[in-house]
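Listing of structure.txt, compact mmCIF, C-alpha atoms and all ligand atoms
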```
# COMPACT_ATOMS: atom_id res chain seq x y z
CA MET A 1 39.68 1.42 -23.41
CA THR A 2 36.11 2.19 -22.33
CA ILE A 3 34.09 -0.92 -21.57
CA ASN A 4 30.44 -0.70 -22.51
CA ARG A 5 28.35 -1.47 -19.44
CA ARG A 6 26.17 -4.28 -20.72
CA ILE A 7 22.59 -3.27 -19.94
CA LEU A 8 20.35 -6.28 -19.50
CA THR A 9 17.02 -6.31 -21.31
CA LEU A 10 13.92 -7.52 -19.45
CA ASP A 11 14.08 -10.83 -21.30
CA GLU A 12 17.80 -11.29 -20.47
CA PHE A 13 17.13 -10.40 -16.83
CA THR A 14 14.23 -12.83 -16.38
CA ILE A 15 16.25 -15.61 -18.04
CA GLN A 16 19.24 -14.78 -15.79
CA GLN A 17 16.93 -15.04 -12.76
CA LEU A 18 15.55 -18.33 -14.10
CA ARG A 19 19.05 -19.81 -14.50
CA GLN A 20 19.61 -19.31 -10.77
CA PHE A 21 16.79 -21.80 -10.14
CA PRO A 22 17.44 -24.76 -12.53
CA SER A 23 14.34 -26.50 -11.20
CA ALA A 24 12.10 -23.56 -12.21
CA THR A 25 9.80 -24.18 -15.14
CA GLY A 26 10.29 -20.72 -16.65
CA GLU A 27 6.54 -20.02 -16.59
CA LEU A 28 6.89 -16.91 -14.43
CA SER A 29 9.73 -15.55 -16.58
CA SER A 30 7.65 -16.19 -19.67
CA LEU A 31 4.64 -14.46 -18.12
CA LEU A 32 6.70 -11.36 -17.27
CA ARG A 33 8.05 -11.22 -20.83
CA ASP A 34 4.46 -11.46 -22.13
CA ILE A 35 3.46 -8.52 -19.91
CA GLY A 36 6.43 -6.55 -21.24
CA LEU A 37 5.27 -7.20 -24.82
CA ALA A 38 1.74 -5.96 -24.07
CA ALA A 39 3.19 -2.88 -22.37
CA LYS A 40 5.24 -2.04 -25.46
CA ARG A 41 2.15 -2.25 -27.67
CA ILE A 42 0.12 -0.11 -25.25
CA ASN A 43 2.94 2.42 -25.06
CA VAL A 44 2.69 3.06 -28.80
CA GLU A 45 -1.00 3.92 -28.52
CA VAL A 46 -0.63 5.94 -25.31
CA ASN A 47 2.09 8.06 -26.89
CA LYS A 48 -0.14 9.07 -29.78
CA ALA A 49 -3.42 9.16 -27.85
CA GLY A 50 -3.65 12.93 -28.10
CA LEU A 51 -3.20 12.72 -31.85
CA VAL A 52 -5.76 9.91 -32.14
CA ASP A 53 -8.21 12.00 -30.13
CA ILE A 54 -7.86 14.80 -32.66
CA LEU A 55 -8.19 12.31 -35.55
CA GLY A 56 -11.06 10.64 -33.71
CA ASP A 57 -13.02 13.90 -33.84
CA THR A 58 -12.98 13.77 -37.66
CA GLY A 59 -14.90 10.50 -37.86
CA SER A 60 -13.80 8.22 -35.01
CA ILE A 61 -11.20 6.37 -37.06
CA ASN A 62 -7.45 6.12 -36.45
CA VAL A 63 -4.66 6.40 -38.97
CA GLN A 64 -4.99 2.70 -39.92
CA GLY A 65 -8.68 3.13 -40.61
CA GLU A 66 -9.67 1.11 -37.52
CA ASP A 67 -12.38 2.14 -35.11
CA VAL A 68 -10.82 4.21 -32.33
CA LYS A 69 -11.04 1.90 -29.36
CA LYS A 70 -11.25 3.43 -25.90
CA LEU A 71 -7.64 3.27 -24.81
CA ASP A 72 -8.22 1.36 -21.62
CA ILE A 73 -10.28 -1.23 -23.51
CA TYR A 74 -7.43 -1.43 -26.02
CA ALA A 75 -4.96 -1.94 -23.15
CA ASN A 76 -7.21 -4.57 -21.61
CA ASN A 77 -7.35 -6.46 -24.92
CA GLN A 78 -3.57 -6.37 -25.26
CA PHE A 79 -3.05 -7.95 -21.84
CA MET A 80 -5.80 -10.50 -22.39
CA GLY A 81 -4.23 -11.44 -25.72
CA VAL A 82 -0.67 -12.05 -24.53
CA LEU A 83 -1.80 -13.85 -21.37
CA LYS A 84 -4.33 -16.09 -23.13
CA HIS A 85 -1.88 -17.04 -25.88
CA GLY A 86 1.08 -17.49 -23.53
CA ILE A 87 1.96 -20.65 -21.60
CA SER A 88 1.77 -19.33 -18.04
CA CYS A 89 -1.69 -17.97 -17.26
CA ALA A 90 -4.93 -19.87 -16.56
CA GLY A 91 -7.15 -16.81 -16.35
CA VAL A 92 -7.37 -13.12 -15.45
CA GLY A 93 -9.31 -10.57 -13.46
CA SER A 94 -9.38 -7.04 -14.90
CA GLU A 95 -10.56 -3.65 -13.71
CA GLU A 96 -12.25 -3.36 -17.10
CA LEU A 97 -14.26 -6.60 -16.86
CA ASP A 98 -17.10 -7.30 -14.43
CA ASP A 99 -16.26 -10.99 -14.14
CA LEU A 100 -13.19 -13.21 -14.08
CA VAL A 101 -12.04 -14.65 -17.43
CA VAL A 102 -11.16 -18.35 -17.32
CA PHE A 103 -9.16 -19.21 -20.43
CA ASP A 104 -10.18 -22.91 -20.28
CA ASP A 105 -8.01 -24.46 -22.95
CA GLU A 106 -5.58 -27.34 -22.45
CA VAL A 107 -2.41 -25.22 -22.15
CA SER A 108 -4.04 -22.56 -19.95
CA ASN A 109 -5.64 -25.16 -17.67
CA ASN A 110 -2.15 -26.57 -17.05
CA SER A 111 -0.68 -23.12 -16.36
CA LYS A 112 0.42 -22.37 -12.82
CA TYR A 113 -0.57 -18.71 -12.51
CA VAL A 114 -3.47 -16.28 -12.65
CA VAL A 115 -3.10 -12.53 -13.16
CA LEU A 116 -5.10 -9.58 -11.86
CA PHE A 117 -4.57 -6.24 -13.57
CA ASP A 118 -5.72 -2.69 -14.08
CA PRO A 119 -4.79 -2.28 -17.75
CA LEU A 120 -4.69 1.51 -17.81
CA ASP A 121 -5.13 3.23 -14.47
CA GLY A 122 -5.80 6.96 -14.55
CA SER A 123 -6.74 6.97 -18.24
CA SER A 124 -8.90 10.06 -17.63
CA ASN A 125 -5.57 11.93 -17.33
CA ILE A 126 -4.34 10.99 -20.77
CA ASP A 127 -6.10 13.80 -22.62
CA VAL A 128 -4.16 16.30 -20.49
CA ASN A 129 -0.88 14.43 -20.99
CA ILE A 130 -0.43 13.30 -17.40
CA SER A 131 1.40 10.01 -16.74
CA ILE A 132 -0.81 6.92 -16.49
CA GLY A 133 -0.06 3.30 -15.81
CA THR A 134 -0.74 -0.41 -15.84
CA ILE A 135 -0.79 -2.40 -12.57
CA PHE A 136 -0.62 -6.20 -12.23
CA GLY A 137 -0.39 -8.93 -9.62
CA VAL A 138 0.46 -12.62 -10.17
CA TYR A 139 -0.76 -15.51 -7.98
CA ARG A 140 0.05 -19.20 -8.04
CA ARG A 141 -3.17 -21.18 -8.50
CA VAL A 142 -4.62 -23.09 -5.57
CA SER A 143 -7.03 -25.09 -7.74
CA GLU A 144 -6.15 -28.39 -9.43
CA LEU A 145 -3.89 -28.12 -12.48
CA GLY A 146 -5.37 -29.59 -15.64
CA LYS A 147 -8.75 -28.08 -14.88
CA PRO A 148 -10.05 -24.52 -15.45
CA CYS A 149 -8.99 -22.00 -12.81
CA THR A 150 -11.60 -20.96 -10.26
CA GLU A 151 -12.57 -17.90 -8.21
CA GLU A 152 -10.53 -19.17 -5.24
CA ASP A 153 -7.38 -18.79 -7.37
CA PHE A 154 -8.04 -15.04 -7.52
CA LEU A 155 -9.49 -14.23 -4.10
CA GLN A 156 -6.22 -14.82 -2.28
CA PRO A 157 -4.69 -12.32 0.17
CA GLY A 158 -2.01 -10.14 -1.41
CA VAL A 159 0.70 -11.77 0.68
CA ARG A 160 0.32 -14.80 -1.64
CA GLN A 161 1.38 -12.89 -4.76
CA VAL A 162 4.47 -14.39 -6.41
CA ALA A 163 5.09 -11.24 -8.44
CA ALA A 164 3.60 -7.78 -8.89
CA GLY A 165 4.44 -4.76 -10.97
CA TYR A 166 3.42 -1.72 -12.91
CA VAL A 167 4.18 0.16 -16.10
CA VAL A 168 4.35 3.96 -15.92
CA TYR A 169 3.80 5.68 -19.28
CA GLY A 170 5.50 8.94 -18.44
CA SER A 171 8.46 11.06 -19.58
CA SER A 172 9.90 7.64 -20.28
CA THR A 173 8.10 4.31 -20.11
CA MET A 174 9.18 2.10 -17.24
CA LEU A 175 8.23 -1.39 -16.19
CA VAL A 176 8.88 -2.09 -12.52
CA TYR A 177 8.25 -5.51 -11.02
CA ALA A 178 8.91 -7.33 -7.78
CA THR A 179 9.32 -10.93 -6.77
CA ARG A 180 10.29 -11.85 -3.22
CA ARG A 181 13.90 -11.52 -4.40
CA GLY A 182 13.67 -7.80 -5.07
CA VAL A 183 12.21 -4.89 -7.03
CA ASN A 184 13.76 -4.02 -10.40
CA GLY A 185 12.97 -1.24 -12.87
CA PHE A 186 13.34 -1.38 -16.65
CA THR A 187 13.19 1.65 -18.93
CA LEU A 188 11.96 1.24 -22.49
CA ASP A 189 14.70 2.02 -25.01
CA PRO A 190 12.77 3.02 -28.16
CA ALA A 191 15.91 2.57 -30.26
CA ILE A 192 15.82 -1.20 -29.74
CA GLY A 193 12.22 -1.61 -28.53
CA GLU A 194 13.32 -3.32 -25.33
CA PHE A 195 12.85 -2.66 -21.64
CA CYS A 196 16.40 -2.29 -20.24
CA LEU A 197 17.43 -2.66 -16.59
CA SER A 198 17.82 0.92 -15.38
CA HIS A 199 16.88 0.66 -11.68
CA PRO A 200 18.32 -2.55 -10.21
CA ASP A 201 17.27 -3.63 -6.71
CA ILE A 202 15.04 -0.63 -5.89
CA LYS A 203 14.78 0.20 -2.17
CA CYS A 204 12.22 2.67 -0.84
CA PRO A 205 14.05 5.28 1.30
CA PRO A 206 12.93 4.76 4.92
CA SER A 207 12.05 8.47 5.16
CA GLY A 208 11.12 11.14 2.68
CA LYS A 209 9.80 14.68 2.30
CA LEU A 210 6.78 14.05 0.06
CA TYR A 211 3.18 13.38 1.02
CA SER A 212 0.47 12.64 -1.54
CA VAL A 213 -3.22 13.11 -0.74
CA ASN A 214 -6.28 14.71 -2.33
CA HIS A 215 -6.69 17.77 -0.10
CA GLY A 216 -10.13 18.35 -1.60
CA ASN A 217 -11.45 15.56 0.65
CA PHE A 218 -9.71 16.92 3.77
CA PHE A 219 -12.86 17.66 5.77
CA GLN A 220 -14.19 14.18 5.01
CA TYR A 221 -11.19 12.47 6.62
CA GLU A 222 -11.18 11.18 10.20
CA GLU A 223 -9.74 13.51 12.86
CA GLY A 224 -6.45 11.65 13.37
CA LEU A 225 -5.71 11.82 9.67
CA ARG A 226 -6.53 15.52 9.50
CA ASN A 227 -4.10 16.06 12.39
CA TYR A 228 -1.41 14.12 10.52
CA ILE A 229 -1.91 16.12 7.31
CA ASN A 230 -1.70 19.36 9.31
CA ALA A 231 1.48 18.10 10.98
CA CYS A 232 3.04 17.42 7.56
CA GLN A 233 2.69 21.17 6.88
CA ARG A 234 3.65 22.37 10.36
CA LYS A 235 7.02 20.66 10.50
CA ASP A 236 9.92 22.97 11.17
CA LYS A 237 13.64 22.64 11.06
CA THR A 238 13.71 20.81 14.41
CA ASN A 239 11.47 17.99 13.17
CA GLY A 240 12.72 17.58 9.65
CA GLY A 241 11.18 20.61 7.99
CA PRO A 242 7.78 20.75 6.27
CA TYR A 243 6.98 18.04 3.73
CA SER A 244 6.10 18.92 0.14
CA GLN A 245 2.68 17.90 -1.15
CA ARG A 246 2.87 16.11 -4.48
CA TYR A 247 -0.35 14.66 -5.95
CA VAL A 248 -0.71 13.89 -9.66
CA GLY A 249 -4.04 12.10 -9.31
CA SER A 250 -2.60 9.09 -11.13
CA MET A 251 -1.77 6.33 -8.65
CA VAL A 252 1.06 4.76 -10.65
CA ALA A 253 2.81 8.13 -11.08
CA ASP A 254 2.35 9.12 -7.43
CA VAL A 255 3.40 5.82 -5.88
CA HIS A 256 6.31 5.35 -8.35
CA ARG A 257 7.72 8.76 -7.40
CA ASN A 258 7.41 8.05 -3.68
CA LEU A 259 8.95 4.58 -4.08
CA ILE A 260 12.04 6.07 -5.71
CA LYS A 261 12.40 9.31 -3.70
CA GLY A 262 10.76 8.32 -0.42
CA GLY A 263 7.32 9.57 0.57
CA ILE A 264 3.84 8.58 1.61
CA PHE A 265 0.67 8.19 -0.47
CA LEU A 266 -2.73 8.39 1.17
CA TYR A 267 -6.06 7.43 -0.32
CA PRO A 268 -8.25 7.27 2.80
CA GLY A 269 -11.85 6.40 3.25
CA THR A 270 -14.21 9.38 3.54
CA ILE A 271 -17.57 10.01 5.20
CA ASP A 272 -19.25 9.37 1.83
CA LYS A 273 -17.00 6.43 0.86
CA PRO A 274 -15.59 4.80 4.04
CA GLY A 275 -14.19 1.95 1.91
CA GLY A 276 -12.11 4.39 -0.12
CA LYS A 277 -11.84 4.47 -3.90
CA LEU A 278 -8.88 2.26 -4.85
CA ARG A 279 -9.39 -1.41 -5.63
CA LEU A 280 -7.73 -4.00 -3.43
CA MET A 281 -7.00 -6.76 -5.92
CA TYR A 282 -5.36 -4.96 -8.84
CA GLU A 283 -4.30 -1.58 -7.47
CA CYS A 284 -3.50 -1.84 -3.76
CA ASN A 285 -2.24 -5.42 -3.42
CA PRO A 286 0.36 -5.16 -6.22
CA PHE A 287 1.74 -1.88 -4.87
CA ALA A 288 1.65 -3.14 -1.28
CA PHE A 289 3.68 -6.21 -2.31
CA MET A 290 6.25 -4.08 -4.17
CA LEU A 291 6.62 -1.51 -1.38
CA GLU A 292 7.10 -4.20 1.27
CA VAL A 293 9.76 -5.96 -0.82
CA ALA A 294 11.43 -2.54 -1.25
CA GLY A 295 11.36 -1.93 2.53
CA GLY A 296 8.22 0.20 2.78
CA LYS A 297 4.80 -0.44 4.34
CA ALA A 298 1.15 -0.48 3.22
CA THR A 299 -2.00 -0.59 5.37
CA ASP A 300 -5.68 0.23 5.21
CA GLY A 301 -5.30 2.29 8.38
CA LYS A 302 -5.87 -0.73 10.59
CA GLN A 303 -4.17 -3.76 9.03
CA ARG A 304 -1.52 -4.70 6.51
CA ILE A 305 -3.01 -4.51 3.00
CA LEU A 306 -1.43 -7.87 2.12
CA ASP A 307 -3.28 -9.60 4.97
CA ILE A 308 -6.77 -8.60 3.81
CA GLN A 309 -8.79 -11.68 2.83
CA PRO A 310 -10.65 -10.63 -0.35
CA THR A 311 -14.33 -11.43 -0.76
CA GLU A 312 -14.97 -9.98 -4.20
CA LEU A 313 -12.97 -9.11 -7.29
CA HIS A 314 -13.62 -5.36 -7.36
CA GLN A 315 -13.70 -4.57 -3.65
CA ARG A 316 -12.22 -1.26 -2.54
CA THR A 317 -9.98 -0.37 0.40
CA PRO A 318 -8.50 2.72 1.99
CA LEU A 319 -4.76 2.81 1.26
CA PHE A 320 -1.77 4.28 3.13
CA ILE A 321 1.53 3.30 1.50
CA GLY A 322 5.15 4.44 1.42
CA SER A 323 8.37 4.91 3.38
CA LYS A 324 8.57 2.82 6.54
CA ASN A 325 9.34 5.64 8.98
CA MET A 326 6.66 7.93 7.50
CA MET A 327 4.08 5.15 7.71
CA GLU A 328 5.00 4.50 11.35
CA GLU A 329 4.69 8.24 12.08
CA LEU A 330 1.22 8.25 10.46
CA GLU A 331 0.14 5.23 12.54
CA THR A 332 0.72 7.23 15.75
CA TYR A 333 -2.09 9.59 14.63
CA PHE A 334 -4.70 6.86 14.26
CA LYS A 335 -6.84 6.15 17.30
CA PRO A 336 -5.91 2.71 18.78
P1 LIG B 401 -9.05 11.39 -6.91
C1 LIG B 401 -7.29 7.49 -11.10
O1 LIG B 401 -8.64 7.71 -11.47
C2 LIG B 401 -7.30 6.81 -9.74
O2 LIG B 401 -7.96 5.60 -9.79
C3 LIG B 401 -5.88 6.63 -9.25
O3 LIG B 401 -4.97 6.42 -10.28
C4 LIG B 401 -5.62 7.92 -8.50
O4 LIG B 401 -4.65 7.77 -7.47
C5 LIG B 401 -6.99 8.25 -7.91
O5 LIG B 401 -7.95 7.67 -8.80
C6 LIG B 401 -7.24 9.74 -7.85
O6 LIG B 401 -8.53 9.91 -7.27
O7 LIG B 401 -10.35 11.14 -6.19
O8 LIG B 401 -8.01 12.01 -6.00
O9 LIG B 401 -9.18 12.12 -8.21
```

As structure tokens - that is how I would like this structure written.
Amino acid sequence: MTINRRILTLDEFTIQQLRQFPSATGELSSLLRDIGLAAKRINVEVNKAGLVDILGDTGSINVQGEDVKKLDIYANNQFMGVLKHGISCAGVGSEELDDLVVFDDEVSNNSKYVVLFDPLDGSSNIDVNISIGTIFGVYRRVSELGKPCTEEDFLQPGVRQVAAGYVVYGSSTMLVYATRRGVNGFTLDPAIGEFCLSHPDIKCPPSGKLYSVNHGNFFQYEEGLRNYINACQRKDKTNGGPYSQRYVGSMVADVHRNLIKGGIFLYPGTIDKPGGKLRLMYECNPFAFMLEVAGGKATDGKQRILDIQPTELHQRTPLFIGSKNMMEELETYFKP
């Protein structure tokens, strides 16, 4: 008799995790389920975005007769909606919004968490059908419960995240999230409309054969980094063979691939932009948290990403992230 392997849905998994901590309030589990709901709604629109673009050209309306909203604004509104109307979030910071949003209602003011997110990273790729993604990080508030959340709740170093994750809208749609207990991946099953546990306890291979960088900026990188990138191509059989360069130009797709297969992703500072391009709070910190839980590393070239004390919501940072051994090899190329 074949026994069906029972595949846990995201909701079943978060409740199972909750049951292991009877004293837990369930707020974090509820927040993760809310994020999963928003991701499902965004997935529907992402999957037909090409079609909507065509329809949009005939009068900027979609099939339901609504104004075609810019997809990343749509995604932002979906996350704002589920988080504001849930029971777990006191406020948010979003890549799409200049300022923090404090929900300031009685339930939200008594909620333990705040969330920072990039609702749809890489959305410029969607019209050429390249994978894009959502990135989020969750912090426990440091301000007094019962009152509106404050800026200090958000400007915490990434090491203080209690959870972080991403959704990759690709050949399939996956939600991957980490708590300190581990990194788990859930693939959306369209037949039942649920994220199902497909990648339990993800570990980043300590070594890999992939390096991801925008070669177009090569001559703007510091010398040590240029030497490392050259070394990635000069490897021979005696030192592990040359790496393969894989760069989609969509952070979620690139880092997800390297997390699963092993690899290193580089978004360095350049002469023109020494602070780099990627945002600390809702792009680099969430991925740095996940990679460290999975056994990888993430730095800005000098210090651990998770140790950076933020000073503003949208600040940028150089980012080097991936397999532990590859990161340690890279570090030998940086001047002390
Ligand atoms: P570049 C997408 O616009 C993004 O923010 C990340 O998803 C991606 O890793 C990076 O920019 C790509 O930047 O300068 O290489 O095109």

Ligand LIG 401 (chain B): which residues are within 7 Å, counting only C-alpha atoms and all ligand atoms? Reply as a PDB file with C-alpha atoms, keeping the file's coordinate frame.
```pdb
ATOM      1  CA  ASP A 121      -5.130   3.230 -14.470  1.00  0.00           C
ATOM      2  CA  GLY A 122      -5.800   6.960 -14.550  1.00  0.00           C
ATOM      3  CA  SER A 124      -8.900  10.060 -17.630  1.00  0.00           C
ATOM      4  CA  ASN A 214      -6.280  14.710  -2.330  1.00  0.00           C
ATOM      5  CA  GLY A 249      -4.040  12.100  -9.310  1.00  0.00           C
ATOM      6  CA  SER A 250      -2.600   9.090 -11.130  1.00  0.00           C
ATOM      7  CA  MET A 251      -1.770   6.330  -8.650  1.00  0.00           C
ATOM      8  CA  VAL A 252       1.060   4.760 -10.650  1.00  0.00           C
ATOM      9  CA  LEU A 278      -8.880   2.260  -4.850  1.00  0.00           C
TER      10      LEU A 278
END
```

Counting all atoms listed in the file, the residue among A:Tyr243, A:His215, A:Glu283, A:Asn43 that lies closest to Ser171 of chain A is A:Asn43

Inset, instruction - Give as a ChimeraX atom specification each residue that has an atom at most 12 Å from (4.2, 8.9, -26.2) in the file, counting only C-alpha atoms. - result: /A:40-52,126-127,129-132,168-173,188,190

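As for atom CA of Val162 of chain A and atom CA of Phe79 of chain A, they are spaced 18.3 Å apart.
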
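Each of A:Leu10, A:Cys204, A:Pro318, A:Ala75 was compared to Thr187 of chain A using only C-alpha atoms, and A:Leu10 turns out to be the nearest.
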
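From atom CA of Met80 of chain A back to atom CA of Val92 of chain A, the distance works out to 7.6 Å.
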